[in-house]
Amino acid sequence: MANGVVITETSHGFICANGGIDASNVGPGSGQIVTLLPVDPDASAAGIRRAIEARFGVDVPIIVSDSFGRPWRWGIVDVAIGVSGLAPLEDLRGVADHDGRIMRSTVRAVADEIASAAELAFGKTTARPAALVRGANPPRAEASMRDGLMPQEFDLFR
(Lines give C-alpha, C1' and ligand atoms only; values in the text may rest on other atoms or scores of the structure.)
Protein backbone atom coordinates (compact mmCIF):
# COMPACT_ATOMS: atom_id res chain seq x y z
CA MET A 1 0.00 0.00 0.00
CA ALA A 2 3.00 2.34 0.20
CA ASN A 3 2.24 3.56 -3.34
CA GLY A 4 -1.56 3.29 -3.07
CA VAL A 5 -1.70 -0.03 -4.91
CA VAL A 6 -2.30 -3.55 -3.68
CA ILE A 7 -1.21 -6.38 -5.98
CA THR A 8 -3.83 -9.12 -5.81
CA GLU A 9 -4.92 -12.30 -7.51
CA THR A 10 -8.55 -12.20 -8.62
CA SER A 11 -10.91 -15.17 -8.59
CA HIS A 12 -10.23 -15.38 -12.36
CA GLY A 13 -6.53 -15.97 -11.67
CA PHE A 14 -5.35 -12.55 -12.87
CA ILE A 15 -2.53 -10.91 -10.92
CA CYS A 16 -3.30 -7.19 -11.04
CA ALA A 17 -3.45 -3.92 -9.18
CA ASN A 18 -6.26 -3.46 -6.69
CA GLY A 19 -8.16 -6.59 -7.69
CA GLY A 20 -9.13 -5.06 -11.03
CA ILE A 21 -11.35 -2.52 -9.27
CA ASP A 22 -11.31 0.68 -11.33
CA ALA A 23 -12.57 4.20 -10.68
CA SER A 24 -11.91 5.55 -14.20
CA ASN A 25 -14.39 5.66 -17.07
CA VAL A 26 -17.40 5.06 -14.81
CA GLY A 27 -19.58 7.88 -16.13
CA PRO A 28 -21.41 10.58 -14.18
CA GLY A 29 -20.82 8.83 -10.86
CA SER A 30 -17.07 9.27 -11.19
CA GLY A 31 -15.54 9.61 -7.74
CA GLN A 32 -18.52 7.90 -6.13
CA ILE A 33 -18.53 4.48 -7.81
CA VAL A 34 -16.11 1.94 -9.19
CA THR A 35 -16.31 -0.83 -11.76
CA LEU A 36 -15.42 -4.45 -11.17
CA LEU A 37 -14.18 -7.06 -13.58
CA PRO A 38 -16.93 -9.24 -15.07
CA VAL A 39 -17.74 -12.26 -12.92
CA ASP A 40 -17.08 -14.52 -15.94
CA PRO A 41 -15.29 -12.62 -18.73
CA ASP A 42 -15.36 -15.67 -21.05
CA ALA A 43 -19.16 -15.88 -20.67
CA SER A 44 -19.39 -12.14 -21.39
CA ALA A 45 -17.36 -12.64 -24.58
CA ALA A 46 -19.55 -15.60 -25.58
CA GLY A 47 -22.72 -13.55 -25.05
CA ILE A 48 -21.41 -10.73 -27.24
CA ARG A 49 -20.36 -13.25 -29.90
CA ARG A 50 -23.83 -14.87 -29.94
CA ALA A 51 -25.54 -11.48 -30.16
CA ILE A 52 -23.38 -10.37 -33.09
CA GLU A 53 -23.97 -13.65 -34.90
CA ALA A 54 -27.75 -13.41 -34.33
CA ARG A 55 -27.91 -9.82 -35.56
CA PHE A 56 -25.43 -9.87 -38.44
CA GLY A 57 -25.15 -13.56 -39.37
CA VAL A 58 -21.38 -13.65 -38.94
CA ASP A 59 -19.37 -15.55 -36.34
CA VAL A 60 -16.49 -13.38 -35.17
CA PRO A 61 -14.08 -14.09 -32.32
CA ILE A 62 -14.58 -11.79 -29.33
CA ILE A 63 -12.07 -10.52 -26.79
CA VAL A 64 -13.05 -8.71 -23.59
CA SER A 65 -10.11 -6.65 -22.39
CA ASP A 66 -8.97 -4.39 -19.59
CA SER A 67 -5.93 -2.22 -18.99
CA PHE A 68 -3.13 -3.76 -16.96
CA GLY A 69 0.15 -2.45 -15.68
CA ARG A 70 3.29 -4.49 -16.27
CA PRO A 71 6.01 -5.31 -13.79
CA TRP A 72 9.20 -3.33 -14.34
CA ARG A 73 7.66 -1.28 -17.18
CA TRP A 74 6.00 2.14 -17.22
CA GLY A 75 2.58 2.41 -18.82
CA ILE A 76 -0.45 0.22 -19.24
CA VAL A 77 -1.57 -2.02 -22.08
CA ASP A 78 -4.89 -3.69 -22.66
CA VAL A 79 -4.86 -7.44 -22.13
CA ALA A 80 -7.50 -10.06 -22.79
CA ILE A 81 -9.54 -11.06 -19.76
CA GLY A 82 -12.15 -13.09 -21.67
CA VAL A 83 -12.33 -14.78 -25.07
CA SER A 84 -14.83 -16.58 -27.26
CA GLY A 85 -14.12 -18.18 -30.61
CA LEU A 86 -10.33 -17.97 -30.49
CA ALA A 87 -7.42 -19.47 -28.62
CA PRO A 88 -5.69 -16.93 -26.37
CA LEU A 89 -2.29 -18.41 -27.25
CA GLU A 90 -0.62 -19.55 -30.44
CA ASP A 91 2.07 -22.14 -29.75
CA LEU A 92 4.82 -21.83 -32.35
CA ARG A 93 7.26 -24.19 -30.66
CA GLY A 94 8.50 -26.68 -33.25
CA VAL A 95 7.71 -24.33 -36.16
CA ALA A 96 10.49 -22.97 -38.35
CA ASP A 97 11.11 -19.23 -38.23
CA HIS A 98 11.80 -17.14 -41.34
CA ASP A 99 15.38 -18.41 -41.46
CA GLY A 100 14.42 -22.06 -41.02
CA ARG A 101 15.48 -22.25 -37.37
CA ILE A 102 13.06 -24.27 -35.24
CA MET A 103 11.50 -22.15 -32.51
CA ARG A 104 11.79 -23.73 -29.07
CA SER A 105 10.02 -21.30 -26.75
CA THR A 106 7.75 -19.01 -28.78
CA VAL A 107 4.15 -18.97 -27.59
CA ARG A 108 2.39 -15.84 -28.84
CA ALA A 109 -0.19 -14.20 -26.57
CA VAL A 110 -2.44 -13.43 -29.55
CA ALA A 111 -5.52 -12.42 -27.54
CA ASP A 112 -3.43 -9.92 -25.54
CA GLU A 113 -1.80 -8.59 -28.72
CA ILE A 114 -5.19 -8.06 -30.37
CA ALA A 115 -6.60 -6.46 -27.19
CA SER A 116 -3.73 -4.00 -27.10
CA ALA A 117 -4.06 -3.15 -30.80
CA ALA A 118 -7.81 -2.62 -30.36
CA GLU A 119 -7.23 -0.22 -27.47
CA LEU A 120 -5.04 1.89 -29.72
CA ALA A 121 -7.94 2.03 -32.21
CA PHE A 122 -10.77 2.87 -29.79
CA GLY A 123 -8.70 4.92 -27.36
CA LYS A 124 -8.72 5.13 -23.58
CA THR A 125 -10.74 8.36 -23.32
CA THR A 126 -13.09 8.31 -26.35
CA ALA A 127 -16.00 6.34 -24.82
CA ARG A 128 -15.88 3.91 -27.75
CA PRO A 129 -16.62 0.47 -26.30
CA ALA A 130 -15.24 -1.70 -29.10
CA ALA A 131 -12.97 -1.98 -32.10
CA LEU A 132 -12.91 -4.30 -35.08
CA VAL A 133 -9.41 -5.66 -35.65
CA ARG A 134 -8.89 -7.02 -39.15
CA GLY A 135 -6.08 -9.18 -40.44
CA ALA A 136 -4.93 -10.66 -37.13
CA ASN A 137 -6.14 -14.20 -37.96
CA PRO A 138 -5.92 -15.67 -34.46
CA PRO A 139 -6.20 -19.45 -34.10
CA ARG A 140 -9.93 -20.21 -33.93
CA ALA A 141 -10.98 -22.42 -31.02
CA GLU A 142 -13.48 -22.76 -28.23
CA ALA A 143 -11.17 -21.81 -25.39
CA SER A 144 -10.97 -19.87 -22.16
CA MET A 145 -8.74 -17.02 -21.07
CA ARG A 146 -7.70 -19.34 -18.24
CA ASP A 147 -5.78 -21.24 -20.94
CA GLY A 148 -3.49 -18.20 -21.11
CA LEU A 149 -2.66 -18.12 -17.41
CA MET A 150 0.68 -19.47 -16.26
CA PRO A 151 0.42 -22.59 -14.09
CA GLN A 152 1.74 -22.07 -10.56
CA GLU A 153 4.60 -24.53 -11.09
CA PHE A 154 6.10 -22.12 -13.68
CA ASP A 155 5.53 -18.95 -11.64
CA LEU A 156 8.93 -17.62 -10.54
CA PHE A 157 7.41 -15.22 -7.99
CA ARG A 158 5.36 -17.56 -5.78
# chains A, B, ... in the order shown; residues from 1 in each chain; ligands from 1

$ residues_around --residues "region 69-84 of chain A" --least-positions-apart "4" --cutoff "10 Å" --atoms "only C-alpha atoms" --output "ChimeraX atom specification"
/A:12-14,16-17,37-38,40-50,60-65,88,109-120,124,140-146,148

$ residues_around --residues "Asp22 (chain A)" --least-positions-apart "5" --cutoff "9 Å" --atoms "only C-alpha atoms" --output "PDB file with N, CA, C and O atoms, in the first residue's frame"
ATOM      1  N   ILE A  33     -18.362   5.898  -7.523  1.00  0.00           N
ATOM      2  CA  ILE A  33     -18.533   4.481  -7.815  1.00  0.00           C
ATOM      3  C   ILE A  33     -17.294   3.928  -8.490  1.00  0.00           C
ATOM      4  O   ILE A  33     -16.447   4.687  -8.970  1.00  0.00           O
ATOM      5  N   VAL A  34     -17.199   2.631  -8.510  1.00  0.00           N
ATOM      6  CA  VAL A  34     -16.108   1.939  -9.194  1.00  0.00           C
ATOM      7  C   VAL A  34     -16.702   0.830 -10.058  1.00  0.00           C
ATOM      8  O   VAL A  34     -17.858   0.454  -9.895  1.00  0.00           O
ATOM      9  N   THR A  35     -15.894   0.321 -10.983  1.00  0.00           N
ATOM     10  CA  THR A  35     -16.305  -0.831 -11.764  1.00  0.00           C
ATOM     11  C   THR A  35     -15.483  -2.040 -11.337  1.00  0.00           C
ATOM     12  O   THR A  35     -14.342  -1.902 -10.883  1.00  0.00           O
ATOM     13  N   LEU A  36     -16.078  -3.185 -11.476  1.00  0.00           N
ATOM     14  CA  LEU A  36     -15.423  -4.445 -11.171  1.00  0.00           C
ATOM     15  C   LEU A  36     -15.217  -5.222 -12.465  1.00  0.00           C
ATOM     16  O   LEU A  36     -15.902  -4.982 -13.457  1.00  0.00           O
ATOM     17  N   LEU A  37     -14.325  -6.159 -12.437  1.00  0.00           N
ATOM     18  CA  LEU A  37     -14.179  -7.057 -13.579  1.00  0.00           C
ATOM     19  C   LEU A  37     -15.450  -7.897 -13.710  1.00  0.00           C
ATOM     20  O   LEU A  37     -16.128  -8.161 -12.713  1.00  0.00           O
TER      21      LEU A  37
END

$ atom_distance --atom1 "CA of Val39 (chain A)" --atom2 "CA of Leu149 (chain A)"
16.8 Å

$ residues_around --residues "Val107 (chain A)" --least-positions-apart "4" --cutoff "6 Å" --atoms "only C-alpha atoms" --output "list in words"
Glu90, Asp91 and Leu92 of chain A

$ select_by_dssp --residues "region 4-156 of chain A" --states "strand (DSSP E or B)" --output "VMD selection string"
chain A and resid 7 to 9 15 to 17 22 30 33 35 62 to 70 73 to 84 90 to 91 96 102 107 to 108

$ closest_residue --among "A:Leu156, A:Glu53, A:Ala136, A:Ala127" --to "Gly27 (chain A)" --atoms "only C-alpha atoms"
A:Ala127

$ closest_residue --among "A:Thr106, A:Asn137, A:Ala130, A:Asp147" --to "Arg93 (chain A)" --atoms "only C-alpha atoms"
A:Thr106

$ atom_distance --atom1 "CA of Thr125 (chain A)" --atom2 "CA of Asn18 (chain A)"
20.9 Å

$ select_by_dssp --residues "region 9-148 of chain A" --states "alpha helix (DSSP H)" --output "PyMOL selection string"
chain A and resi 41-56+110-122
